[in-house]
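One file, query_30.pdb, carrying PDB, C-alpha atoms:
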```pdb
ATOM      1  CA  MET D   1      99.373  69.476 114.356
ATOM      2  CA  ALA D   2     102.956  68.505 114.729
ATOM      3  CA  LYS D   3     104.333  69.292 118.110
ATOM      4  CA  ILE D   4     107.954  69.578 119.128
ATOM      5  CA  LYS D   5     109.110  68.180 122.411
ATOM      6  CA  GLY D   6     112.531  68.898 123.782
ATOM      7  CA  ALA D   7     114.820  67.737 126.539
ATOM      8  CA  VAL D   8     117.770  69.502 128.141
ATOM      9  CA  VAL D   9     120.725  67.777 129.778
ATOM     10  CA  VAL D  10     122.849  69.915 132.087
ATOM     11  CA  ASP D  11     126.433  69.102 133.032
ATOM     12  CA  ARG D  12     126.013  69.862 136.730
ATOM     13  CA  GLU D  13     129.709  69.966 137.536
ATOM     14  CA  ARG D  14     130.468  72.545 134.808
ATOM     15  CA  CYS D  15     127.508  74.764 135.718
ATOM     16  CA  LYS D  16     128.346  77.951 137.650
ATOM     17  CA  GLY D  17     124.743  78.833 138.493
ATOM     18  CA  CYS D  18     124.768  82.193 136.693
ATOM     19  CA  GLU D  19     121.014  81.913 135.979
ATOM     20  CA  VAL D  20     121.329  83.383 132.471
ATOM     21  CA  CYS D  21     119.679  80.277 130.976
ATOM     22  CA  VAL D  22     116.823  80.428 133.498
ATOM     23  CA  VAL D  23     115.764  83.945 132.459
ATOM     24  CA  THR D  24     116.255  83.172 128.750
ATOM     25  CA  CYS D  25     114.000  80.076 128.745
ATOM     26  CA  PRO D  26     110.641  81.027 127.164
ATOM     27  CA  THR D  27     108.756  78.171 128.867
ATOM     28  CA  GLU D  28     110.216  78.320 132.396
ATOM     29  CA  THR D  29     111.646  74.823 132.066
ATOM     30  CA  LEU D  30     114.868  75.524 133.934
ATOM     31  CA  ALA D  31     115.488  76.535 137.541
ATOM     32  CA  LEU D  32     118.407  76.667 139.950
ATOM     33  CA  ALA D  33     118.667  73.730 142.337
ATOM     34  CA  THR D  34     118.646  74.208 146.096
ATOM     35  CA  GLU D  35     121.583  71.778 146.306
ATOM     36  CA  VAL D  36     125.087  72.765 145.213
ATOM     37  CA  ASN D  37     127.681  71.022 143.065
ATOM     38  CA  SER D  38     131.241  70.235 144.183
ATOM     39  CA  LYS D  39     132.316  73.866 143.534
ATOM     40  CA  GLY D  40     129.471  75.229 145.674
ATOM     41  CA  TYR D  41     127.339  76.640 142.866
ATOM     42  CA  HIS D  42     123.557  76.190 142.726
ATOM     43  CA  TYR D  43     123.506  74.350 139.392
ATOM     44  CA  CYS D  44     120.619  74.674 136.964
ATOM     45  CA  TYR D  45     118.361  71.723 136.199
ATOM     46  CA  PRO D  46     115.185  71.110 134.191
ATOM     47  CA  ALA D  47     112.623  71.696 136.955
ATOM     48  CA  ASN D  48     109.705  71.449 134.560
ATOM     49  CA  PRO D  49     110.950  69.093 131.791
ATOM     50  CA  GLU D  50     107.467  68.659 130.293
ATOM     51  CA  ALA D  51     107.434  72.314 129.188
ATOM     52  CA  CYS D  52     110.628  72.124 127.085
ATOM     53  CA  ILE D  53     110.174  72.894 123.385
ATOM     54  CA  GLY D  54     113.803  72.308 122.382
ATOM     55  CA  CYS D  55     114.470  75.894 121.238
ATOM     56  CA  SER D  56     118.137  75.724 122.441
ATOM     57  CA  ASN D  57     118.067  79.326 123.718
ATOM     58  CA  CYS D  58     119.447  78.193 127.096
ATOM     59  CA  ALA D  59     122.343  76.326 125.504
ATOM     60  CA  VAL D  60     123.175  79.210 123.159
ATOM     61  CA  VAL D  61     123.521  81.762 125.979
ATOM     62  CA  CYS D  62     125.274  79.411 128.429
ATOM     63  CA  PRO D  63     128.776  80.876 128.903
ATOM     64  CA  ASP D  64     130.175  77.554 130.098
ATOM     65  CA  GLY D  65     128.698  75.281 127.446
ATOM     66  CA  CYS D  66     127.136  72.918 129.949
ATOM     67  CA  ILE D  67     123.746  72.459 128.273
ATOM     68  CA  THR D  68     122.937  69.913 125.561
ATOM     69  CA  VAL D  69     119.519  70.057 123.906
ATOM     70  CA  TYR D  70     117.586  67.289 122.152
ATOM     71  CA  LYS D  71     114.264  67.576 120.355
ATOM     72  CA  VAL D  72     111.767  65.357 118.540
ATOM     73  CA  LYS D  73     108.696  66.032 116.441
ATOM     74  CA  ILE D  74     105.663  64.137 117.666
ATOM     75  CA  GLY D  75     102.153  63.739 116.289
TER      76      GLY D  75
ATOM     77  CA  MET M   1      99.839  57.259 120.814
ATOM     78  CA  ALA M   2     102.198  56.241 123.582
ATOM     79  CA  GLU M   3     103.516  59.026 125.800
ATOM     80  CA  ILE M   4     107.070  59.957 124.920
ATOM     81  CA  THR M   5     109.440  59.982 127.881
ATOM     82  CA  PHE M   6     112.501  62.072 128.698
ATOM     83  CA  ASN M   7     114.826  59.145 127.963
ATOM     84  CA  ASP M   8     113.232  58.563 124.538
ATOM     85  CA  ILE M   9     114.184  62.083 123.477
ATOM     86  CA  ILE M  10     117.796  61.910 124.612
ATOM     87  CA  LYS M  11     119.246  60.096 121.620
ATOM     88  CA  PRO M  12     122.063  61.211 119.308
ATOM     89  CA  GLU M  13     119.733  61.476 116.299
ATOM     90  CA  ASN M  14     117.554  64.018 118.151
ATOM     91  CA  LEU M  15     120.439  66.325 119.031
ATOM     92  CA  ALA M  16     119.497  70.001 118.623
ATOM     93  CA  TYR M  17     122.435  71.789 120.243
ATOM     94  CA  LYS M  18     125.710  70.670 121.743
ATOM     95  CA  LYS M  19     128.804  72.637 122.658
ATOM     96  CA  SER M  20     131.245  72.922 119.784
ATOM     97  CA  ARG M  21     133.737  70.098 119.295
ATOM     98  CA  LEU M  22     136.490  72.754 119.226
ATOM     99  CA  MET M  23     135.748  73.767 122.836
ATOM    100  CA  THR M  24     137.950  71.682 125.114
ATOM    101  CA  ASP M  25     136.639  70.077 128.301
ATOM    102  CA  ASN M  26     138.650  72.464 130.500
ATOM    103  CA  ILE M  27     136.394  74.454 132.808
ATOM    104  CA  LEU M  28     136.511  78.129 131.841
ATOM    105  CA  SER M  29     138.216  80.390 134.356
ATOM    106  CA  TYR M  30     135.662  83.183 133.898
ATOM    107  CA  CYS M  31     133.260  84.334 136.607
ATOM    108  CA  PRO M  32     129.678  82.985 136.460
ATOM    109  CA  GLY M  33     127.666  84.699 133.732
ATOM    110  CA  CYS M  34     130.642  86.338 131.987
ATOM    111  CA  GLY M  35     130.141  87.185 128.310
ATOM    112  CA  HIS M  36     133.645  85.926 127.463
ATOM    113  CA  GLY M  37     132.457  82.311 127.757
ATOM    114  CA  THR M  38     129.568  82.882 125.366
ATOM    115  CA  ALA M  39     131.831  84.696 122.895
ATOM    116  CA  HIS M  40     134.274  81.727 123.017
ATOM    117  CA  GLN M  41     131.447  79.272 122.321
ATOM    118  CA  VAL M  42     130.222  81.247 119.291
ATOM    119  CA  LEU M  43     133.717  81.678 117.898
ATOM    120  CA  ALA M  44     134.415  77.933 118.268
ATOM    121  CA  GLU M  45     131.125  77.097 116.546
ATOM    122  CA  VAL M  46     131.914  79.352 113.604
ATOM    123  CA  LEU M  47     135.456  77.952 113.255
ATOM    124  CA  GLU M  48     134.024  74.418 113.330
ATOM    125  CA  GLU M  49     131.240  75.104 110.850
ATOM    126  CA  GLU M  50     133.554  76.928 108.423
ATOM    127  CA  ASN M  51     136.105  74.073 108.680
ATOM    128  CA  LEU M  52     138.839  76.443 109.814
ATOM    129  CA  GLN M  53     140.422  74.435 112.639
ATOM    130  CA  GLU M  54     143.491  73.408 110.633
ATOM    131  CA  ARG M  55     144.298  76.846 109.215
ATOM    132  CA  THR M  56     143.412  79.193 112.089
ATOM    133  CA  ILE M  57     145.921  81.061 114.219
ATOM    134  CA  GLY M  58     144.466  83.015 117.105
ATOM    135  CA  ILE M  59     146.277  85.776 118.963
ATOM    136  CA  THR M  60     145.422  85.918 122.663
ATOM    137  CA  PRO M  61     145.639  89.181 124.591
ATOM    138  CA  VAL M  62     146.484  90.065 128.149
ATOM    139  CA  GLY M  63     143.361  90.333 130.279
ATOM    140  CA  CYS M  64     140.676  87.936 131.447
ATOM    141  CA  SER M  65     140.883  85.961 128.197
ATOM    142  CA  VAL M  66     144.664  85.434 128.478
ATOM    143  CA  LEU M  67     144.171  81.681 128.926
ATOM    144  CA  MET M  68     141.944  81.367 125.862
ATOM    145  CA  TYR M  69     144.326  78.832 124.277
ATOM    146  CA  ASN M  70     143.218  76.350 126.937
ATOM    147  CA  TYR M  71     139.620  76.482 125.788
ATOM    148  CA  ILE M  72     139.554  76.543 121.988
ATOM    149  CA  ASP M  73     141.389  73.781 120.160
ATOM    150  CA  VAL M  74     143.167  75.785 117.445
ATOM    151  CA  ASP M  75     146.703  77.174 117.192
ATOM    152  CA  PHE M  76     147.382  80.216 119.334
ATOM    153  CA  GLN M  77     150.133  82.731 119.899
ATOM    154  CA  GLU M  78     150.318  84.870 123.021
ATOM    155  CA  ALA M  79     151.013  88.560 122.496
ATOM    156  CA  ALA M  80     152.444  91.233 124.788
ATOM    157  CA  HIS M  81     149.845  93.509 126.358
ATOM    158  CA  GLY M  82     148.029  95.400 123.599
ATOM    159  CA  ARG M  83     150.283  94.137 120.826
ATOM    160  CA  ALA M  84     147.991  91.421 119.449
ATOM    161  CA  PRO M  85     147.228  93.312 116.184
ATOM    162  CA  ALA M  86     150.964  93.841 115.549
ATOM    163  CA  LEU M  87     151.654  90.144 116.078
ATOM    164  CA  ALA M  88     148.648  89.224 113.942
ATOM    165  CA  THR M  89     150.045  91.429 111.158
ATOM    166  CA  ALA M  90     153.326  89.506 111.250
ATOM    167  CA  VAL M  91     151.610  86.102 111.317
ATOM    168  CA  LYS M  92     149.288  86.987 108.457
ATOM    169  CA  ARG M  93     152.067  88.417 106.296
ATOM    170  CA  LEU M  94     154.285  85.374 106.833
ATOM    171  CA  MET M  95     151.454  82.882 106.351
ATOM    172  CA  PRO M  96     148.884  84.557 104.080
ATOM    173  CA  ASP M  97     146.781  81.403 103.675
ATOM    174  CA  LYS M  98     145.990  81.212 107.409
ATOM    175  CA  PHE M  99     142.883  82.654 109.029
ATOM    176  CA  VAL M 100     144.208  84.999 111.724
ATOM    177  CA  PHE M 101     142.112  86.536 114.469
ATOM    178  CA  THR M 102     142.834  88.564 117.596
ATOM    179  CA  TYR M 103     140.616  88.419 120.659
ATOM    180  CA  GLN M 104     141.028  91.440 122.936
ATOM    181  CA  GLY M 105     139.355  93.190 125.822
ATOM    182  CA  ASP M 106     138.954  96.922 126.267
ATOM    183  CA  GLY M 107     142.068  97.329 128.401
ATOM    184  CA  ASP M 108     144.119  95.600 125.751
ATOM    185  CA  LEU M 109     142.620  97.002 122.552
ATOM    186  CA  ALA M 110     141.393 100.445 123.620
ATOM    187  CA  ALA M 111     143.991 101.459 126.237
ATOM    188  CA  ILE M 112     147.531 100.112 125.976
ATOM    189  CA  GLY M 113     147.089  98.863 122.409
ATOM    190  CA  THR M 114     145.352 101.872 120.854
ATOM    191  CA  ALA M 115     148.244 102.648 118.502
ATOM    192  CA  GLU M 116     148.534  99.045 117.270
ATOM    193  CA  THR M 117     144.768  98.788 116.799
ATOM    194  CA  ILE M 118     144.419 101.990 114.812
ATOM    195  CA  HIS M 119     147.455 101.423 112.612
ATOM    196  CA  THR M 120     146.561  97.796 111.897
ATOM    197  CA  CYS M 121     143.077  98.884 110.836
ATOM    198  CA  ASN M 122     144.535 101.761 108.832
ATOM    199  CA  ARG M 123     146.861  99.403 106.944
ATOM    200  CA  GLY M 124     143.908  97.113 106.294
ATOM    201  CA  GLU M 125     145.619  93.890 107.356
ATOM    202  CA  ASN M 126     143.533  90.845 106.510
ATOM    203  CA  ILE M 127     142.741  89.821 110.069
ATOM    204  CA  LEU M 128     139.631  89.564 112.200
ATOM    205  CA  MET M 129     139.678  91.599 115.405
ATOM    206  CA  LEU M 130     137.212  90.541 118.087
ATOM    207  CA  PHE M 131     136.838  93.228 120.748
ATOM    208  CA  ILE M 132     135.069  92.405 124.012
ATOM    209  CA  ASN M 133     133.910  95.675 125.562
ATOM    210  CA  ASN M 134     132.699  95.432 129.157
ATOM    211  CA  GLY M 135     133.537  98.981 130.177
ATOM    212  CA  ILE M 136     135.937  98.033 132.947
ATOM    213  CA  TYR M 137     139.315  96.393 133.642
ATOM    214  CA  GLY M 138     137.938  93.045 134.752
ATOM    215  CA  MET M 139     141.040  90.991 135.521
ATOM    216  CA  THR M 140     142.856  93.531 137.689
ATOM    217  CA  GLY M 141     139.888  94.331 139.927
ATOM    218  CA  GLY M 142     137.415  96.602 138.185
ATOM    219  CA  GLN M 143     139.421  99.783 137.538
ATOM    220  CA  MET M 144     138.169 102.488 135.186
ATOM    221  CA  ALA M 145     138.794 101.740 131.502
ATOM    222  CA  PRO M 146     138.719 104.125 128.512
ATOM    223  CA  THR M 147     135.317 102.610 127.701
ATOM    224  CA  THR M 148     133.782 103.160 131.165
ATOM    225  CA  LEU M 149     130.517 105.088 130.823
ATOM    226  CA  PRO M 150     130.179 108.669 132.166
ATOM    227  CA  GLY M 151     129.102 108.489 135.812
ATOM    228  CA  MET M 152     129.810 104.739 136.027
ATOM    229  CA  LYS M 153     131.398 103.642 139.282
ATOM    230  CA  SER M 154     134.576 101.584 139.297
ATOM    231  CA  SER M 155     137.264 100.948 141.884
ATOM    232  CA  THR M 156     139.318 103.935 140.626
ATOM    233  CA  SER M 157     136.283 106.183 140.055
ATOM    234  CA  PRO M 158     134.257 105.520 143.216
ATOM    235  CA  TYR M 159     132.066 108.614 142.690
ATOM    236  CA  GLY M 160     131.462 107.766 139.029
ATOM    237  CA  ARG M 161     133.488 108.742 135.954
ATOM    238  CA  ASP M 162     133.846 112.521 135.856
ATOM    239  CA  VAL M 163     133.951 113.443 132.177
ATOM    240  CA  SER M 164     135.420 116.913 132.841
ATOM    241  CA  MET M 165     138.505 115.332 134.428
ATOM    242  CA  MET M 166     138.781 111.882 132.851
ATOM    243  CA  GLY M 167     137.419 112.494 129.367
ATOM    244  CA  SER M 168     134.645 110.732 127.524
ATOM    245  CA  PRO M 169     134.530 107.016 126.730
ATOM    246  CA  ILE M 170     136.136 105.930 123.475
ATOM    247  CA  LYS M 171     133.938 104.316 120.842
ATOM    248  CA  MET M 172     136.601 102.193 119.189
ATOM    249  CA  ALA M 173     134.303 100.648 116.576
ATOM    250  CA  ASP M 174     133.240 104.098 115.348
ATOM    251  CA  ILE M 175     136.867 105.249 115.223
ATOM    252  CA  VAL M 176     138.157 102.307 113.180
ATOM    253  CA  ALA M 177     135.107 102.460 110.891
ATOM    254  CA  MET M 178     136.380 105.837 109.647
ATOM    255  CA  LEU M 179     139.674 104.307 108.482
ATOM    256  CA  PRO M 180     139.904 103.185 104.852
ATOM    257  CA  GLY M 181     141.538  99.843 105.726
ATOM    258  CA  THR M 182     138.585  98.306 107.534
ATOM    259  CA  CYS M 183     136.031  96.430 105.474
ATOM    260  CA  TYR M 184     133.478  95.271 108.041
ATOM    261  CA  VAL M 185     132.816  96.921 111.417
ATOM    262  CA  THR M 186     129.928  95.852 113.598
ATOM    263  CA  ARG M 187     128.819  95.952 117.216
ATOM    264  CA  GLN M 188     127.017  92.962 118.728
ATOM    265  CA  SER M 189     126.136  91.539 122.130
ATOM    266  CA  VAL M 190     125.925  88.132 123.810
ATOM    267  CA  ASN M 191     123.328  88.689 126.551
ATOM    268  CA  THR M 192     120.356  87.101 124.760
ATOM    269  CA  ALA M 193     119.971  84.097 122.475
ATOM    270  CA  GLY M 194     119.028  86.435 119.626
ATOM    271  CA  GLY M 195     122.146  88.527 120.216
ATOM    272  CA  VAL M 196     124.357  85.438 120.197
ATOM    273  CA  ARG M 197     122.830  84.233 116.923
ATOM    274  CA  LYS M 198     123.379  87.678 115.361
ATOM    275  CA  LEU M 199     127.014  87.617 116.499
ATOM    276  CA  LYS M 200     127.370  84.212 114.858
ATOM    277  CA  ARG M 201     126.067  85.588 111.553
ATOM    278  CA  ALA M 202     128.457  88.555 111.852
ATOM    279  CA  LEU M 203     131.402  86.204 112.457
ATOM    280  CA  LYS M 204     130.450  84.129 109.416
ATOM    281  CA  LYS M 205     130.359  87.284 107.293
ATOM    282  CA  ALA M 206     133.762  88.278 108.645
ATOM    283  CA  VAL M 207     135.185  84.852 107.736
ATOM    284  CA  GLN M 208     133.823  85.290 104.223
ATOM    285  CA  TYR M 209     135.430  88.749 103.866
ATOM    286  CA  GLN M 210     138.702  87.366 105.210
ATOM    287  CA  ASN M 211     138.641  84.583 102.626
ATOM    288  CA  GLU M 212     138.150  87.259  99.963
ATOM    289  CA  LYS M 213     141.027  89.320 101.498
ATOM    290  CA  ARG M 214     138.979  92.500 101.662
ATOM    291  CA  GLY M 215     140.639  94.152 104.664
ATOM    292  CA  THR M 216     140.346  94.244 108.436
ATOM    293  CA  CYS M 217     137.138  92.991 110.024
ATOM    294  CA  PHE M 218     136.385  94.487 113.431
ATOM    295  CA  ILE M 219     133.647  93.015 115.622
ATOM    296  CA  GLU M 220     132.918  94.669 118.956
ATOM    297  CA  VAL M 221     130.968  92.612 121.487
ATOM    298  CA  VAL M 222     129.326  94.667 124.224
ATOM    299  CA  SER M 223     129.609  92.384 127.221
ATOM    300  CA  ASN M 224     129.025  92.349 130.956
ATOM    301  CA  CYS M 225     131.363  92.059 133.934
ATOM    302  CA  PRO M 226     129.228  90.872 136.879
ATOM    303  CA  SER M 227     132.179  90.795 139.296
ATOM    304  CA  GLY M 228     133.603  94.162 138.268
ATOM    305  CA  TRP M 229     130.223  95.849 138.214
ATOM    306  CA  LYS M 230     129.327  94.208 141.578
ATOM    307  CA  MET M 231     126.051  92.727 140.316
ATOM    308  CA  THR M 232     124.552  89.292 139.754
ATOM    309  CA  PRO M 233     124.855  88.051 136.149
ATOM    310  CA  VAL M 234     121.147  88.641 135.472
ATOM    311  CA  GLU M 235     121.259  92.155 136.977
ATOM    312  CA  SER M 236     124.394  92.978 135.004
ATOM    313  CA  ASN M 237     122.739  91.939 131.725
ATOM    314  CA  LYS M 238     119.772  94.159 132.565
ATOM    315  CA  TRP M 239     122.063  97.061 133.508
ATOM    316  CA  MET M 240     123.951  96.572 130.257
ATOM    317  CA  GLU M 241     120.727  96.778 128.238
ATOM    318  CA  GLU M 242     119.663  99.951 130.054
ATOM    319  CA  HIS M 243     122.980 101.809 130.154
ATOM    320  CA  MET M 244     125.572 100.326 127.771
ATOM    321  CA  PHE M 245     123.349  99.845 124.695
ATOM    322  CA  PRO M 246     122.187 103.507 124.491
ATOM    323  CA  PHE M 247     125.835 104.607 124.471
ATOM    324  CA  TYR M 248     127.172 101.700 122.366
ATOM    325  CA  PRO M 249     124.274 101.080 119.943
ATOM    326  CA  LEU M 250     124.249  97.610 118.398
ATOM    327  CA  GLY M 251     124.331  96.988 114.682
ATOM    328  CA  ASP M 252     126.553  97.232 111.614
ATOM    329  CA  ILE M 253     128.664 100.379 111.430
ATOM    330  CA  LYS M 254     130.442  99.700 108.162
ATOM    331  CA  VAL M 255     129.567  97.064 105.590
ATOM    332  CA  PRO M 256     131.438  96.627 102.324
ATOM    333  CA  ALA M 257     129.678  97.290  99.036
ATOM    334  CA  GLU M 258     128.812  94.031  97.328
TER     335      GLU M 258
END
```

Would you mind writing the file's structure down as C-alpha cells?
Amino acid sequence: MAKIKGAVVVDRERCKGCEVCVVTCPTETLALATEVNSKGYHYCYPANPEACIGCSNCAVVCPDGCITVYKVKIG
Amino acid sequence: MAEITFNDIIKPENLAYKKSRLMTDNILSYCPGCGHGTAHQVLAEVLEEENLQERTIGITPVGCSVLMYNYIDVDFQEAAHGRAPALATAVKRLMPDKFVFTYQGDGDLAAIGTAETIHTCNRGENILMLFINNGIYGMTGGQMAPTTLPGMKSSTSPYGRDVSMMGSPIKMADIVAMLPGTCYVTRQSVNTAGGVRKLKRALKKAVQYQNEKRGTCFIEVVSNCPSGWKMTPVESNKWMEEHMFPFYPLGDIKVPAE
C-alpha cells in the first residue's frame, strides 16, 4: 500500500508560539520548544517528525505563515 | 527499500504547502494566534490562484488590520474609519475592471461604518466585503463592540454585556442578506484547517460572482481575539466554538440562484 510521508519546516524566527498548529496536527508531530526565539516566543518544531503525514493542516491554520510542508509517496 | 530521511523529503518537487507568494516577508503585527493572520493568508492564496494580483485594489480599514498593505502585495487604499465601503464604491465605479475588496473589523464595519455598509450593500456595488468579527474592539484595548455577546465581559462591560441597557448584538451578515443588492452572504471561521479551507472556497465563489458583476459579496469571518478576551490562543478558539458559533452560526446565508 502506498504510504505518504511528510516533513514540516518551521521558520523559527517568524513563529509566535500560539500553539494553534500543535492542537490541529492529527498525528502529534508538532510541539512547542522549551527554548525561545529572539522575540522570546516558544517556537513550534517537529518533535516527532516520523509521524508526519504531510496533511498541511498546521500550515493552513498558521496565522503567521511560518510553516512549509513537503510530502512524498513511498512504497 | 532504503529508509527515506527528513532531508530526502525536503525538495522543491515534494512541496505540499507554502505561504502564498503574495504574502510579504514582513512579520505580521498581530498577537499570537490571531485570526487576522490566517484570514490574510487565505485571501492572498485566493488572489494568487485566481491571478488577480495585477487588477486588485484592496481597501484597508481602521482597526487591527490597518497595516494590511504591508503584508499582502497588491494595491491598497487606506480609508477613514468605517468608510471603506464608500471608498470601494468610488474605486469600483471609476475602474470597473478592477477587483475591489474591503477588509474590515467589527468596530469599523458594524459600529462607525454601519451606514456605509448597509447602503453599499443596498446599492449592490460590485465589491467583496470581508468582515472579521471577533466580538470586541481589539486594537483599542478590548472595549465592548456592537457584536459582543450578551453577558460577555470586556473592558467597558466588566460585569458582562447587559442586554437590557446595551442592546443585543448585531448580526450584520443576516441584516445585509435581507437587502436586494447583495448576491452572496456567508459566515465562515478560521479556527480549524477545515474552516480555513471552507473560507477559501467561499472566497473563490465570491471572486467568480464579482467577475460576473452580480452584486455585493459579503463574507463574515468569526474570529478570535486572544488578547482582548484574556485567553491563550487555544483557549480562545475553544471559547469561540462554544459561545460565538451558537450565536453566529456558520454557513451560507444567501446564495444566488444559478

Query raised in the report: Which residue gives the smallest distance to chain M among D:Ala51, D:Lys3, D:Thr34, D:Lys16, with all atoms listed in the file counted?
Result: D:Lys16

Restrict the calculation to only C-alpha atoms, then for each residue of chain D with any atom at most 10 Å from an atom of chain M give the closest atom pair and their distance in Å to one decimal, rows by chain and rising residue number, as a Markdown table.
```
| residue | atom | partner | partner_atom | distance |
| --- | --- | --- | --- | --- |
| D:Lys5 | CA | M:Ile9 | CA | 8.0 |
| D:Gly6 | CA | M:Ile9 | CA | 7.0 |
| D:Ala7 | CA | M:Ile9 | CA | 6.5 |
| D:Val8 | CA | M:Ile10 | CA | 8.4 |
| D:Val9 | CA | M:Ile10 | CA | 8.3 |
| D:Glu13 | CA | M:Ile27 | CA | 9.3 |
| D:Arg14 | CA | M:Ile27 | CA | 6.5 |
| D:Cys15 | CA | M:Pro32 | CA | 8.5 |
| D:Lys16 | CA | M:Pro32 | CA | 5.3 |
| D:Gly17 | CA | M:Pro32 | CA | 6.8 |
| D:Cys18 | CA | M:Gly33 | CA | 4.8 |
| D:Glu19 | CA | M:Val234 | CA | 6.7 |
| D:Val20 | CA | M:Val234 | CA | 6.1 |
| D:Cys21 | CA | M:Thr192 | CA | 9.3 |
| D:Val22 | CA | M:Val234 | CA | 9.5 |
| D:Val23 | CA | M:Val234 | CA | 7.8 |
| D:Thr24 | CA | M:Thr192 | CA | 6.9 |
| D:Cys25 | CA | M:Ala193 | CA | 9.5 |
| D:Tyr41 | CA | M:Pro32 | CA | 9.3 |
| D:Pro49 | CA | M:Phe6 | CA | 7.8 |
| D:Glu50 | CA | M:Phe6 | CA | 8.4 |
| D:Gly54 | CA | M:Ala16 | CA | 7.2 |
| D:Cys55 | CA | M:Ala16 | CA | 8.2 |
| D:Ser56 | CA | M:Tyr17 | CA | 6.2 |
| D:Asn57 | CA | M:Ala193 | CA | 5.3 |
| D:Cys58 | CA | M:Ala193 | CA | 7.5 |
| D:Ala59 | CA | M:Tyr17 | CA | 6.9 |
| D:Val60 | CA | M:Ala193 | CA | 5.9 |
| D:Val61 | CA | M:Ala193 | CA | 5.5 |
| D:Cys62 | CA | M:Thr38 | CA | 6.3 |
| D:Pro63 | CA | M:Gly37 | CA | 4.1 |
| D:Asp64 | CA | M:Gly37 | CA | 5.8 |
| D:Gly65 | CA | M:Lys19 | CA | 5.5 |
| D:Cys66 | CA | M:Lys19 | CA | 7.5 |
| D:Ile67 | CA | M:Lys18 | CA | 7.0 |
| D:Thr68 | CA | M:Lys18 | CA | 4.8 |
| D:Val69 | CA | M:Tyr17 | CA | 5.0 |
| D:Tyr70 | CA | M:Leu15 | CA | 4.3 |
| D:Lys71 | CA | M:Asn14 | CA | 5.3 |
| D:Val72 | CA | M:Asn14 | CA | 6.0 |
| D:Lys73 | CA | M:Asn14 | CA | 9.2 |
| D:Ile74 | CA | M:Ile4 | CA | 8.5 |
| D:Gly75 | CA | M:Met1 | CA | 8.2 |
```

Report task. Select, from M:Asp73, M:Asp252, M:Glu116, M:Glu125, the residue with the minimum atom-to-atom distance to M:Leu43, counting all atoms listed in the file. Result ->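 Between M:Asp73, M:Asp252, M:Glu116, M:Glu125, the residue approaching M:Leu43 most closely is M:Asp73.
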
Report task. For the file shown, report as a ChimeraX atom specification the outcome of the PyMOL selection byres ((chain M and resi 127-135) around 8) at residue level. Result -> /M:36,85,88-89,92,99-106,109,125-126,136-137,144-149,206-207,210,215-225

Query - Proximity to M:Ser154 - best of M:Lys205, M:Ala90, M:Ser227, M:Gln77, only C-alpha atoms - result: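 Nearest candidate to M:Ser154 out of M:Lys205, M:Ala90, M:Ser227, M:Gln77: M:Ser227.
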
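Counting from atom CA of M:Met231, the distance to atom CA of M:His243 is 14.0 Å.
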
Query - Counting all atoms listed in the file, the residue of D:Arg12, D:Gly40, D:Ile53, D:Ala2 that sits nearest D:Thr27 - result: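 The closest residue to D:Thr27 is D:Ile53.
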
Query raised in the report: Can you tell me how far atom CA of M:Gly141 sits from atom CA of M:Gly228, in Å to one decimal?
Result: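 Going from atom CA of M:Gly141 over to atom CA of M:Gly228 covers 6.5 Å.
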